[in-house]
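> structure.cif is the file, holding mmCIF, C-alpha atoms and all ligand atoms:
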data_structure
#
loop_
_atom_site.label_atom_id
_atom_site.label_comp_id
_atom_site.auth_asym_id
_atom_site.auth_seq_id
_atom_site.Cartn_x
_atom_site.Cartn_y
_atom_site.Cartn_z
CA MET D 1 28.95 51.59 -131.45
CA ASN D 2 29.13 51.00 -127.74
CA ILE D 3 29.77 54.55 -126.53
CA GLU D 4 27.12 55.02 -123.88
CA ASN D 5 27.83 53.66 -120.45
CA LYS D 6 27.37 55.74 -117.33
CA ASN D 7 30.60 54.41 -115.86
CA ILE D 8 32.78 55.16 -118.90
CA THR D 9 34.14 58.55 -119.96
CA TYR D 10 36.10 59.02 -123.18
CA SER D 11 38.71 61.67 -123.89
CA LYS D 12 37.93 63.92 -126.86
CA GLU D 13 40.77 62.37 -128.85
CA VAL D 14 39.56 58.80 -128.32
CA LEU D 15 35.91 59.63 -128.90
CA ASN D 16 36.86 61.30 -132.15
CA ALA D 17 38.92 58.31 -133.26
CA LYS D 18 36.04 55.99 -132.36
CA ILE D 19 33.53 58.00 -134.36
CA LEU D 20 35.85 58.12 -137.38
CA GLY D 21 36.69 54.40 -137.05
CA GLU D 22 40.39 55.14 -136.70
CA PRO D 23 42.79 52.68 -135.06
CA ILE D 24 43.08 52.92 -131.28
CA VAL D 25 45.59 51.32 -128.88
CA ALA D 26 44.71 50.79 -125.22
CA LEU D 27 47.42 51.47 -122.64
CA GLU D 28 47.35 50.26 -119.05
CA SER D 29 47.88 52.38 -115.96
CA THR D 30 48.92 50.03 -113.13
CA VAL D 31 52.37 50.50 -114.61
CA LEU D 32 51.93 54.22 -113.79
CA THR D 33 50.38 53.87 -110.33
CA HIS D 34 52.20 50.78 -109.04
CA GLY D 35 54.89 49.72 -111.53
CA LEU D 36 57.20 52.66 -112.16
CA PRO D 37 58.53 55.25 -109.69
CA PHE D 38 58.03 59.02 -110.05
CA PRO D 39 59.04 60.82 -112.30
CA GLN D 40 59.63 57.94 -114.73
CA ASN D 41 55.91 57.07 -114.63
CA THR D 42 54.98 60.57 -115.86
CA GLU D 43 57.62 60.47 -118.61
CA LEU D 44 56.60 57.01 -119.71
CA ALA D 45 52.91 57.90 -119.90
CA SER D 46 53.45 60.64 -122.45
CA GLU D 47 56.27 58.89 -124.33
CA MET D 48 54.17 55.79 -124.74
CA GLU D 49 51.23 57.77 -126.05
CA ASP D 50 53.57 59.46 -128.54
CA ALA D 51 54.98 56.08 -129.59
CA VAL D 52 51.44 54.97 -130.48
CA ARG D 53 50.63 58.22 -132.32
CA GLN D 54 53.87 58.12 -134.33
CA ASN D 55 52.80 54.74 -135.63
CA GLY D 56 49.44 55.85 -136.86
CA ALA D 57 47.03 55.08 -134.01
CA THR D 58 45.30 56.95 -131.20
CA PRO D 59 46.41 56.06 -127.66
CA ALA D 60 43.73 55.35 -125.06
CA THR D 61 45.31 55.25 -121.62
CA ILE D 62 42.73 53.60 -119.38
CA ALA D 63 42.37 54.27 -115.64
CA LEU D 64 39.81 55.09 -112.96
CA LEU D 65 39.30 58.68 -111.87
CA ASP D 66 36.59 59.74 -109.41
CA GLY D 67 35.03 56.34 -109.82
CA LYS D 68 34.69 56.59 -113.63
CA ILE D 69 36.44 54.40 -116.17
CA GLN D 70 38.42 56.92 -118.16
CA VAL D 71 39.24 55.80 -121.72
CA GLY D 72 41.87 58.19 -123.02
CA MET D 73 43.32 60.77 -120.65
CA GLU D 74 44.40 64.39 -120.83
CA LYS D 75 47.85 65.21 -119.42
CA GLU D 76 46.22 66.81 -116.36
CA GLN D 77 44.22 63.67 -115.68
CA ILE D 78 47.34 61.50 -115.83
CA LYS D 79 48.93 63.87 -113.33
CA THR D 80 45.89 63.53 -111.06
CA LEU D 81 46.10 59.75 -111.30
CA ILE D 82 49.82 59.64 -110.54
CA GLU D 83 49.43 62.03 -107.60
CA ALA D 84 46.34 60.28 -106.21
CA GLU D 85 46.62 59.13 -102.64
CA LYS D 86 46.61 55.32 -102.47
CA PRO D 87 45.30 54.58 -105.97
CA ILE D 88 43.62 51.19 -106.30
CA LYS D 89 45.25 48.51 -108.43
CA VAL D 90 42.24 47.72 -110.58
CA SER D 91 41.97 44.17 -111.81
CA LEU D 92 38.64 42.56 -112.67
CA ARG D 93 37.26 42.36 -109.16
CA ASP D 94 38.20 45.93 -108.31
CA PHE D 95 36.21 47.96 -110.85
CA ALA D 96 33.12 48.09 -108.67
CA THR D 97 35.26 48.99 -105.65
CA ALA D 98 36.73 52.02 -107.42
CA ILE D 99 33.36 53.01 -108.92
CA THR D 100 31.42 52.62 -105.68
CA LEU D 101 33.98 54.44 -103.55
CA LYS D 102 34.65 57.06 -106.31
CA ARG D 103 38.36 56.38 -106.19
CA ALA D 104 41.31 56.66 -108.56
CA GLY D 105 43.00 53.51 -109.78
CA GLY D 106 45.42 52.07 -112.30
CA THR D 107 44.07 49.24 -114.44
CA THR D 108 46.14 46.06 -114.70
CA VAL D 109 46.50 44.03 -117.88
CA ALA D 110 43.28 42.19 -116.97
CA GLY D 111 41.45 45.40 -116.08
CA THR D 112 42.63 47.19 -119.21
CA MET D 113 41.67 44.25 -121.47
CA PHE D 114 38.20 44.26 -119.96
CA ALA D 115 37.65 48.01 -120.42
CA ALA D 116 39.22 48.04 -123.90
CA ASN D 117 36.98 45.23 -125.09
CA LYS D 118 33.91 46.97 -123.73
CA CYS D 119 34.84 49.99 -125.85
CA GLY D 120 35.61 47.93 -128.96
CA ILE D 121 39.38 48.47 -128.77
CA LYS D 122 41.18 45.34 -129.94
CA VAL D 123 44.88 46.19 -129.49
CA PHE D 124 46.61 46.89 -126.19
CA ALA D 125 50.27 47.54 -125.32
CA THR D 126 51.88 46.80 -121.97
CA GLY D 127 55.23 45.84 -120.47
CA GLY D 128 54.87 42.33 -119.14
CA ILE D 129 51.82 40.34 -118.18
CA GLY D 130 51.25 38.88 -114.73
CA GLY D 131 51.43 35.10 -114.38
CA VAL D 132 51.86 32.23 -111.99
CA HIS D 133 54.00 33.30 -109.04
CA LYS D 134 56.79 31.13 -107.66
CA GLU D 135 56.31 31.98 -104.06
CA ALA D 136 52.76 31.61 -102.79
CA GLU D 137 50.38 28.78 -103.50
CA MET D 138 47.58 29.86 -105.85
CA ASP D 139 49.04 33.26 -106.66
CA ILE D 140 47.92 33.26 -110.27
CA SER D 141 47.43 36.65 -111.92
CA THR D 142 43.94 37.52 -113.16
CA ASP D 143 45.77 38.61 -116.33
CA LEU D 144 45.82 34.93 -117.34
CA ILE D 145 42.09 34.52 -116.78
CA ALA D 146 41.41 37.71 -118.75
CA LEU D 147 43.60 36.42 -121.58
CA SER D 148 41.55 33.24 -121.67
CA ASN D 149 38.19 34.95 -122.20
CA ILE D 150 38.59 38.55 -123.42
CA PRO D 151 39.25 38.89 -127.16
CA VAL D 152 41.92 41.61 -127.15
CA MET D 153 45.45 41.49 -128.58
CA VAL D 154 48.06 42.19 -125.88
CA VAL D 155 51.50 43.33 -127.02
CA CYS D 156 54.08 42.60 -124.31
CA ALA D 157 57.66 41.58 -123.55
CA GLY D 158 56.52 38.26 -122.13
CA ALA D 159 55.96 37.80 -118.43
CA LYS D 160 58.13 39.00 -115.57
CA SER D 161 61.13 36.72 -115.13
CA ILE D 162 60.42 36.67 -111.41
CA LEU D 163 57.42 34.46 -112.18
CA ASN D 164 57.18 30.75 -112.72
CA LEU D 165 57.37 31.08 -116.50
CA PRO D 166 56.92 27.42 -117.49
CA ALA D 167 53.75 27.28 -115.36
CA THR D 168 52.57 30.58 -116.85
CA LEU D 169 52.97 29.22 -120.39
CA GLU D 170 51.28 25.93 -119.46
CA TYR D 171 48.34 27.91 -118.13
CA LEU D 172 48.08 29.93 -121.35
CA GLU D 173 48.19 26.71 -123.37
CA THR D 174 45.48 25.10 -121.24
CA MET D 175 43.26 28.14 -121.67
CA GLY D 176 43.77 28.25 -125.45
CA VAL D 177 45.64 31.54 -125.65
CA PRO D 178 47.90 31.91 -128.71
CA VAL D 179 51.38 33.13 -127.79
CA ILE D 180 52.91 34.81 -130.84
CA GLY D 181 56.64 35.53 -130.94
CA TYR D 182 57.29 38.65 -133.02
CA LYS D 183 60.53 37.85 -134.86
CA THR D 184 61.40 35.26 -132.21
CA ASP D 185 60.87 31.58 -131.41
CA SER D 186 61.50 32.13 -127.70
CA PHE D 187 59.13 33.42 -125.08
CA PRO D 188 60.68 36.72 -123.92
CA GLU D 189 61.46 36.99 -120.22
CA PHE D 190 60.86 40.68 -119.60
CA TYR D 191 64.37 41.89 -118.71
CA SER D 192 65.99 39.33 -121.00
CA ARG D 193 65.17 38.18 -124.49
CA GLY D 194 64.57 34.61 -123.38
CA SER D 195 65.84 31.35 -124.82
CA LYS D 196 64.51 28.50 -122.71
CA LEU D 197 60.81 28.59 -123.54
CA ARG D 198 58.97 28.48 -126.85
CA VAL D 199 56.10 30.59 -128.16
CA SER D 200 53.22 28.80 -129.90
CA VAL D 201 53.87 30.49 -133.24
CA ARG D 202 56.52 32.80 -134.64
CA LEU D 203 55.37 35.59 -136.97
CA ASP D 204 57.82 38.11 -138.39
CA ASP D 205 55.43 40.48 -140.05
CA VAL D 206 52.81 42.90 -138.75
CA LYS D 207 50.47 41.98 -141.62
CA GLU D 208 50.69 38.31 -140.67
CA ILE D 209 49.87 39.05 -137.03
CA ALA D 210 46.83 41.10 -138.07
CA ALA D 211 45.71 38.25 -140.34
CA PHE D 212 46.27 35.77 -137.50
CA ALA D 213 44.01 37.80 -135.21
CA MET D 214 41.24 37.98 -137.77
CA ASN D 215 41.50 34.24 -138.41
CA HIS D 216 41.40 33.43 -134.71
CA TRP D 217 38.46 35.68 -133.84
CA SER D 218 36.45 35.07 -137.00
CA LEU D 219 36.26 31.42 -135.96
CA GLY D 220 34.39 32.61 -132.90
CA LEU D 221 37.23 31.89 -130.47
CA GLN D 222 36.95 34.26 -127.51
CA SER D 223 40.45 34.31 -126.05
CA GLY D 224 42.95 37.12 -126.09
CA ILE D 225 46.06 36.90 -128.25
CA LEU D 226 49.47 37.51 -126.75
CA VAL D 227 52.06 39.15 -129.02
CA CYS D 228 55.53 38.93 -127.50
CA GLN D 229 58.34 41.24 -128.50
CA PRO D 230 61.74 40.87 -126.81
CA VAL D 231 63.70 43.97 -125.84
CA GLU D 232 66.71 44.71 -128.09
CA GLU D 233 70.00 43.03 -127.14
CA GLU D 234 71.67 46.30 -126.14
CA PHE D 235 68.97 46.93 -123.52
CA GLU D 236 68.49 43.42 -122.20
CA ILE D 237 69.78 42.19 -118.86
CA LYS D 238 71.02 38.70 -119.57
CA GLU D 239 69.72 35.89 -117.44
CA HIS D 240 73.11 35.15 -115.84
CA GLU D 241 73.36 38.83 -114.84
CA ILE D 242 70.01 38.93 -113.11
CA SER D 243 69.32 35.40 -111.88
CA ASP D 244 70.95 35.91 -108.44
CA ILE D 245 68.95 39.10 -107.91
CA LEU D 246 65.71 37.38 -108.90
CA LYS D 247 66.44 34.56 -106.44
CA MET D 248 67.20 37.04 -103.68
CA VAL D 249 63.96 38.94 -104.28
CA SER D 250 62.01 35.72 -104.44
CA ASN D 251 63.42 34.68 -101.04
CA GLU D 252 62.55 38.06 -99.59
CA VAL D 253 58.98 37.71 -100.81
CA ILE D 254 58.69 34.24 -99.27
CA ALA D 255 59.99 35.56 -95.92
CA LEU D 256 57.62 38.55 -95.97
CA GLN D 257 54.68 36.34 -96.87
CA LYS D 258 55.46 34.02 -93.95
CA GLU D 259 55.34 37.01 -91.63
CA ASN D 260 52.06 38.14 -93.26
CA LYS D 261 53.71 41.38 -94.35
CA LEU D 262 53.14 40.97 -98.09
CA SER D 263 50.36 39.36 -100.11
CA GLY D 264 48.07 39.51 -103.11
CA GLN D 265 48.34 42.60 -105.26
CA GLN D 266 51.34 43.96 -103.38
CA VAL D 267 53.67 41.21 -104.56
CA THR D 268 54.31 42.36 -108.13
CA PRO D 269 54.99 46.06 -107.26
CA TYR D 270 57.31 44.97 -104.44
CA GLU D 271 59.27 42.69 -106.76
CA LEU D 272 59.62 45.33 -109.47
CA MET D 273 60.82 47.89 -106.94
CA ARG D 274 63.39 45.56 -105.37
CA VAL D 275 64.80 44.43 -108.72
CA ASN D 276 65.15 48.08 -109.66
CA GLU D 277 67.02 48.84 -106.44
CA LEU D 278 69.29 45.82 -106.73
CA THR D 279 70.19 46.54 -110.36
CA ASP D 280 70.90 50.23 -109.58
CA GLY D 281 68.10 51.35 -111.86
CA ARG D 282 69.15 49.22 -114.83
CA SER D 283 65.96 47.15 -114.78
CA LEU D 284 63.89 50.33 -114.90
CA LYS D 285 65.68 51.44 -118.09
CA THR D 286 65.03 48.05 -119.68
CA ASN D 287 61.42 48.14 -118.54
CA MET D 288 60.83 51.60 -120.02
CA ARG D 289 62.53 50.61 -123.27
CA PHE D 290 60.31 47.62 -123.96
CA LEU D 291 57.19 49.49 -122.92
CA LEU D 292 57.91 52.03 -125.67
CA ASN D 293 58.80 49.33 -128.20
CA ASN D 294 55.49 47.64 -127.45
CA GLY D 295 53.62 50.92 -127.90
CA ARG D 296 55.20 51.30 -131.35
CA LEU D 297 54.39 47.75 -132.43
CA ALA D 298 50.82 48.01 -131.10
CA GLY D 299 50.35 51.24 -133.10
CA LYS D 300 51.42 49.45 -136.28
CA LEU D 301 49.22 46.46 -135.51
CA ALA D 302 46.16 48.58 -134.80
CA ARG D 303 46.66 50.40 -138.08
CA GLU D 304 47.11 47.16 -139.96
CA MET D 305 43.95 45.74 -138.46
CA GLY D 306 42.18 48.83 -139.76
CA SER D 307 38.50 49.26 -139.08
CA ASP D 308 38.35 45.71 -137.69
CA ASN D 309 40.31 47.10 -134.76
CA ASN D 310 37.28 49.06 -133.72
CA THR D 311 34.75 46.31 -134.14
CA ASN D 312 33.26 44.82 -131.03
CA PHE D 313 33.38 41.09 -131.65
CA SER D 314 31.84 40.10 -128.37
N1 LIG D 401 54.57 44.75 -115.94
C1 LIG D 401 55.31 45.87 -115.72
N2 LIG D 401 54.90 46.72 -114.76
C2 LIG D 401 53.73 46.53 -114.10
C3 LIG D 401 52.93 45.38 -114.39
C4 LIG D 401 53.41 44.52 -115.30
O1 LIG D 401 56.32 46.10 -116.38
O2 LIG D 401 53.40 47.36 -113.29
C5 LIG D 401 51.58 45.23 -113.76
C6 LIG D 401 50.57 44.97 -114.89
O3 LIG D 401 49.54 45.92 -114.78
C7 LIG D 401 50.04 43.59 -114.60
C8 LIG D 401 50.18 43.53 -113.11
O4 LIG D 401 48.74 43.39 -115.05
O5 LIG D 401 51.43 44.14 -112.86
C9 LIG D 401 50.10 42.11 -112.60
O6 LIG D 401 49.85 42.15 -111.24
P1 LIG D 401 49.42 40.81 -110.46
O7 LIG D 401 50.63 39.91 -110.60
O8 LIG D 401 49.17 41.25 -109.05
O9 LIG D 401 48.21 40.29 -111.16
MN MN D 402 48.95 37.93 -107.64
#
Since I need it in another form, could you write the structure as C-alpha cells?

Amino acid sequence: MNIENKNITYSKEVLNAKILGEPIVALESTVLTHGLPFPQNTELASEMEDAVRQNGATPATIALLDGKIQVGMEKEQIKTLIEAEKPIKVSLRDFATAITLKRAGGTTVAGTMFAANKCGIKVFATGGIGGVHKEAEMDISTDLIALSNIPVMVVCAGAKSILNLPATLEYLETMGVPVIGYKTDSFPEFYSRGSKLRVSVRLDDVKEIAAFAMNHWSLGLQSGILVCQPVEEEFEIKEHEISDILKMVSNEVIALQKENKLSGQQVTPYELMRVNELTDGRSLKTNMRFLLNNGRLAGKLAREMGSDNNTNFS
C-alpha cells in the first residue's frame, strides 16, 4: 500500500479506511477555494462528505495545506483552507509550487485525480470538469489531459456549458476517455441536463458501471473514466433560459482577455461567479445540487467496486 510519501498527509478517517481496504471517494477542493462563494463552500464541503458517507464510503477531500498534500481533511482544516489568503488553484503544474512555497491550495479535477491515483483511490466526485474554452485560443483545461492518462473514475455533471462542449467531447474521444451517461444518452451540460451531444455509452446501473471500470482497466488501458449524471429536472436551468447569459459572460471574457485583464486559471472562476450573479443565485443552487448528487453516486460506485477501489493499478 502506497502510504508513505513525505508530501502526503492522510486524515485519520482516510488512513483507517485505507488500512481496512474500505471504499474511499476523493473530493476536489478548487470548488471550495475558487468555485463557490462563502458560506456555501463551507456548507457544501461538509454536505458532500456526508453524502459520500451515507452511501457507504469514506470521503477524502484533497487539498494543499502548508505545502502538504492533505488526503482527507478535518473540519478545522477545511476552514483553514477556505480562509487562506490567496489559495493556489492546484492543477498538475502547481503541486510543486504549493509544496515549495508551503502554501494552501484547492486541487482541480486534474490535481485531485493525480493525488487520488497516487493514494490508490479510484473514484472521485466533482461538479463539472474543465474543457476546451470558447474564448481564447489554446485554453484547454488540464482536466482533459489528466483524464487521458490517470486511471480514476470521475463522477460529474458533464462540463460547464460555458465551454465549447463539442470540442471538449472530441478531445475526450481522441484521447480514448470513455464518457458514460448514467441513465442518460445525452452529455449533461452542467446547469442543464443536455440533449444535443451524445455520451459514448449509456449505463443505467451502478453494478454495470463498476464492471465497466474493471473491464477497461484490466485491459491495461490507462485513461480515466468519466461518469456523467445530469441534475434532476426540477433543479436544471434549461438551455433557453441560460443561453443569453452564457453568451453575455463569454463576451465579457473575450473583452477582458483583449485588455489582458483575465487569463489562464482565472477564467473558470470568473465565469462561474458571473453566471451566479446574472441568474440571481439560481446557478449556485443547481451547482450545489449536482455536486451532492455526484457525491452520492460516487459513494455507491466506490462501494460497488469494493476492494478493487483501493487497488493501485498504475
Ligand atoms: N466545476 C464547478 N466548480 C469548479 C470547477 C468545476 O462546478 O470550481 C473547477 C474544477 O476544479 C475544475 C476547474 O477542475 O474548475 C477547471 O479549471 P480550468 O478550466 O482553469 O482548468
Ligand atoms: Mn484554462
> Tell me, as a list in words, which residues lie within 12 Å of Thr184 of chain D, counting all atoms listed in the file; anything in the same chain fewer than 3 positions away does not count.
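Selected residues are Ala157, Gly158, Val179, Ile180, Gly181, Phe187, Pro188, Arg193, Gly194, Ser195, Leu197, Arg198, Val199, Ser200, Val201, Arg202, Leu203, Asp204, Asp205, Val227, Cys228, Gln229, Pro230, Val231 and Glu232 of chain D.
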> Once you count only C-alpha atoms and all ligand atoms, which residues end up within 9 Å of ligand LIG 401 (chain D), and could you hand them over as a PyMOL selection string?
chain D and resi 28-36+89-91+106-112+126-133+139-144+156-157+159-160+163+190+264-269+272+284+287-288+290-291
> I'd like the box whose edges run along x, y and z of the file and which contains every listed atom of segment 86-104 of chain D, padded by 5 Å per side; could you state its centre and edge lengths in Å, one decimal, as JSON?

{"center_x": 39.0, "center_y": 49.7, "center_z": -107.6, "size_x": 25.2, "size_y": 24.7, "size_z": 20.2}
> In Å, with one decimal, what is the gap from atom CA of Thr100 of chain D to atom CA of Val152 of chain D?
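Going from atom CA of Thr100 of chain D over to atom CA of Val152 of chain D, I get 26.3 Å.
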> What does the structure give for the distance between atom CA of Leu147 of chain D and atom CA of Ser223 of chain D, in Å to one decimal?
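Atom CA of Ser223 of chain D lies 5.9 Å from atom CA of Leu147 of chain D.
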> Could you please determine the separation between atom CA of Glu271 of chain D and atom CA of Val249 of chain D in Å, to one decimal place?
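Result for atom CA of Glu271 of chain D versus atom CA of Val249 of chain D: 6.5 Å, one decimal.
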> For a quick check of understanding, using all atoms listed in the file, which of D:Leu221, D:Leu27, D:Ala213, D:Ala136 has the smallest distance to ligand MN 402 (chain D)?
D:Ala136
> Of the residues D:Val155, D:Val25, D:Ala116, D:Ala57, which is the one nearest to Ile69 of chain D, using all atoms listed in the file?
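Closest to Ile69 of chain D of all the choices is D:Ala116.
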> Pick the closest to ligand MN 402 (chain D) from D:Glu47, D:Glu239, D:Glu135, D:Glu259: which is it, counting only C-alpha atoms and all ligand atoms?
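Distance minimum relative to ligand MN 402 (chain D) lands on D:Glu135.
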> Place N, CA, C and O atoms on segment 192-216 of chain D and deliver the coordinates as a PDB file, in the coordinates of the input.

ATOM      1  N   SER D 192      65.135  39.976-120.001  1.00  0.00           N
ATOM      2  CA  SER D 192      65.990  39.330-121.000  1.00  0.00           C
ATOM      3  C   SER D 192      65.159  38.814-122.171  1.00  0.00           C
ATOM      4  O   SER D 192      63.944  38.680-122.071  1.00  0.00           O
ATOM      5  N   ARG D 193      65.856  38.542-123.269  1.00  0.00           N
ATOM      6  CA  ARG D 193      65.170  38.180-124.490  1.00  0.00           C
ATOM      7  C   ARG D 193      64.581  36.767-124.449  1.00  0.00           C
ATOM      8  O   ARG D 193      63.702  36.439-125.227  1.00  0.00           O
ATOM      9  N   GLY D 194      65.104  35.960-123.529  1.00  0.00           N
ATOM     10  CA  GLY D 194      64.570  34.610-123.380  1.00  0.00           C
ATOM     11  C   GLY D 194      65.200  33.638-124.354  1.00  0.00           C
ATOM     12  O   GLY D 194      65.617  34.020-125.442  1.00  0.00           O
ATOM     13  N   SER D 195      65.290  32.380-123.938  1.00  0.00           N
ATOM     14  CA  SER D 195      65.840  31.350-124.820  1.00  0.00           C
ATOM     15  C   SER D 195      65.330  29.963-124.436  1.00  0.00           C
ATOM     16  O   SER D 195      65.336  29.052-125.244  1.00  0.00           O
ATOM     17  N   LYS D 196      64.845  29.838-123.206  1.00  0.00           N
ATOM     18  CA  LYS D 196      64.510  28.500-122.710  1.00  0.00           C
ATOM     19  C   LYS D 196      63.123  28.033-123.150  1.00  0.00           C
ATOM     20  O   LYS D 196      62.886  26.855-123.294  1.00  0.00           O
ATOM     21  N   LEU D 197      62.211  28.966-123.327  1.00  0.00           N
ATOM     22  CA  LEU D 197      60.810  28.590-123.540  1.00  0.00           C
ATOM     23  C   LEU D 197      60.349  28.996-124.926  1.00  0.00           C
ATOM     24  O   LEU D 197      60.824  29.998-125.473  1.00  0.00           O
ATOM     25  N   ARG D 198      59.424  28.235-125.482  1.00  0.00           N
ATOM     26  CA  ARG D 198      58.970  28.480-126.850  1.00  0.00           C
ATOM     27  C   ARG D 198      57.609  29.182-126.886  1.00  0.00           C
ATOM     28  O   ARG D 198      56.760  28.947-126.021  1.00  0.00           O
ATOM     29  N   VAL D 199      57.435  30.030-127.898  1.00  0.00           N
ATOM     30  CA  VAL D 199      56.100  30.590-128.160  1.00  0.00           C
ATOM     31  C   VAL D 199      55.297  29.552-128.954  1.00  0.00           C
ATOM     32  O   VAL D 199      55.856  28.546-129.397  1.00  0.00           O
ATOM     33  N   SER D 200      53.991  29.796-129.147  1.00  0.00           N
ATOM     34  CA  SER D 200      53.220  28.800-129.900  1.00  0.00           C
ATOM     35  C   SER D 200      53.333  29.012-131.406  1.00  0.00           C
ATOM     36  O   SER D 200      53.160  28.094-132.191  1.00  0.00           O
ATOM     37  N   VAL D 201      53.644  30.238-131.812  1.00  0.00           N
ATOM     38  CA  VAL D 201      53.870  30.490-133.240  1.00  0.00           C
ATOM     39  C   VAL D 201      54.766  31.716-133.381  1.00  0.00           C
ATOM     40  O   VAL D 201      54.655  32.672-132.616  1.00  0.00           O
ATOM     41  N   ARG D 202      55.674  31.641-134.350  1.00  0.00           N
ATOM     42  CA  ARG D 202      56.520  32.800-134.640  1.00  0.00           C
ATOM     43  C   ARG D 202      55.974  33.500-135.883  1.00  0.00           C
ATOM     44  O   ARG D 202      55.714  32.840-136.892  1.00  0.00           O
ATOM     45  N   LEU D 203      55.796  34.806-135.801  1.00  0.00           N
ATOM     46  CA  LEU D 203      55.370  35.590-136.970  1.00  0.00           C
ATOM     47  C   LEU D 203      56.291  36.800-137.059  1.00  0.00           C
ATOM     48  O   LEU D 203      56.523  37.479-136.061  1.00  0.00           O
ATOM     49  N   ASP D 204      56.817  37.057-138.255  1.00  0.00           N
ATOM     50  CA  ASP D 204      57.820  38.110-138.390  1.00  0.00           C
ATOM     51  C   ASP D 204      57.269  39.391-138.993  1.00  0.00           C
ATOM     52  O   ASP D 204      58.022  40.337-139.209  1.00  0.00           O
ATOM     53  N   ASP D 205      55.985  39.384-139.266  1.00  0.00           N
ATOM     54  CA  ASP D 205      55.430  40.480-140.050  1.00  0.00           C
ATOM     55  C   ASP D 205      54.123  40.973-139.424  1.00  0.00           C
ATOM     56  O   ASP D 205      53.271  40.184-139.020  1.00  0.00           O
ATOM     57  N   VAL D 206      53.997  42.288-139.360  1.00  0.00           N
ATOM     58  CA  VAL D 206      52.810  42.900-138.750  1.00  0.00           C
ATOM     59  C   VAL D 206      51.531  42.475-139.489  1.00  0.00           C
ATOM     60  O   VAL D 206      50.503  42.191-138.880  1.00  0.00           O
ATOM     61  N   LYS D 207      51.629  42.400-140.812  1.00  0.00           N
ATOM     62  CA  LYS D 207      50.470  41.980-141.620  1.00  0.00           C
ATOM     63  C   LYS D 207      50.020  40.578-141.239  1.00  0.00           C
ATOM     64  O   LYS D 207      48.827  40.288-141.145  1.00  0.00           O
ATOM     65  N   GLU D 208      51.015  39.693-141.030  1.00  0.00           N
ATOM     66  CA  GLU D 208      50.690  38.310-140.670  1.00  0.00           C
ATOM     67  C   GLU D 208      50.010  38.243-139.297  1.00  0.00           C
ATOM     68  O   GLU D 208      49.096  37.461-139.089  1.00  0.00           O
ATOM     69  N   ILE D 209      50.472  39.069-138.376  1.00  0.00           N
ATOM     70  CA  ILE D 209      49.870  39.050-137.030  1.00  0.00           C
ATOM     71  C   ILE D 209      48.429  39.543-137.106  1.00  0.00           C
ATOM     72  O   ILE D 209      47.527  38.980-136.482  1.00  0.00           O
ATOM     73  N   ALA D 210      48.205  40.590-137.904  1.00  0.00           N
ATOM     74  CA  ALA D 210      46.830  41.100-138.070  1.00  0.00           C
ATOM     75  C   ALA D 210      45.943  40.022-138.696  1.00  0.00           C
ATOM     76  O   ALA D 210      44.803  39.806-138.257  1.00  0.00           O
ATOM     77  N   ALA D 211      46.481  39.318-139.691  1.00  0.00           N
ATOM     78  CA  ALA D 211      45.710  38.250-140.340  1.00  0.00           C
ATOM     79  C   ALA D 211      45.424  37.130-139.338  1.00  0.00           C
ATOM     80  O   ALA D 211      44.310  36.578-139.283  1.00  0.00           O
ATOM     81  N   PHE D 212      46.435  36.811-138.523  1.00  0.00           N
ATOM     82  CA  PHE D 212      46.270  35.770-137.500  1.00  0.00           C
ATOM     83  C   PHE D 212      45.090  36.128-136.577  1.00  0.00           C
ATOM     84  O   PHE D 212      44.233  35.293-136.281  1.00  0.00           O
ATOM     85  N   ALA D 213      45.065  37.368-136.141  1.00  0.00           N
ATOM     86  CA  ALA D 213      44.010  37.800-135.210  1.00  0.00           C
ATOM     87  C   ALA D 213      42.630  37.655-135.850  1.00  0.00           C
ATOM     88  O   ALA D 213      41.688  37.145-135.231  1.00  0.00           O
ATOM     89  N   MET D 214      42.536  38.086-137.086  1.00  0.00           N
ATOM     90  CA  MET D 214      41.240  37.980-137.770  1.00  0.00           C
ATOM     91  C   MET D 214      40.836  36.517-137.924  1.00  0.00           C
ATOM     92  O   MET D 214      39.675  36.149-137.739  1.00  0.00           O
ATOM     93  N   ASN D 215      41.813  35.673-138.253  1.00  0.00           N
ATOM     94  CA  ASN D 215      41.500  34.240-138.410  1.00  0.00           C
ATOM     95  C   ASN D 215      41.048  33.638-137.095  1.00  0.00           C
ATOM     96  O   ASN D 215      40.086  32.870-137.044  1.00  0.00           O
ATOM     97  N   HIS D 216      41.728  33.981-136.027  1.00  0.00           N
ATOM     98  CA  HIS D 216      41.400  33.430-134.710  1.00  0.00           C
ATOM     99  C   HIS D 216      39.991  33.869-134.292  1.00  0.00           C
ATOM    100  O   HIS D 216      39.147  33.040-133.948  1.00  0.00           O
TER     101      HIS D 216
END
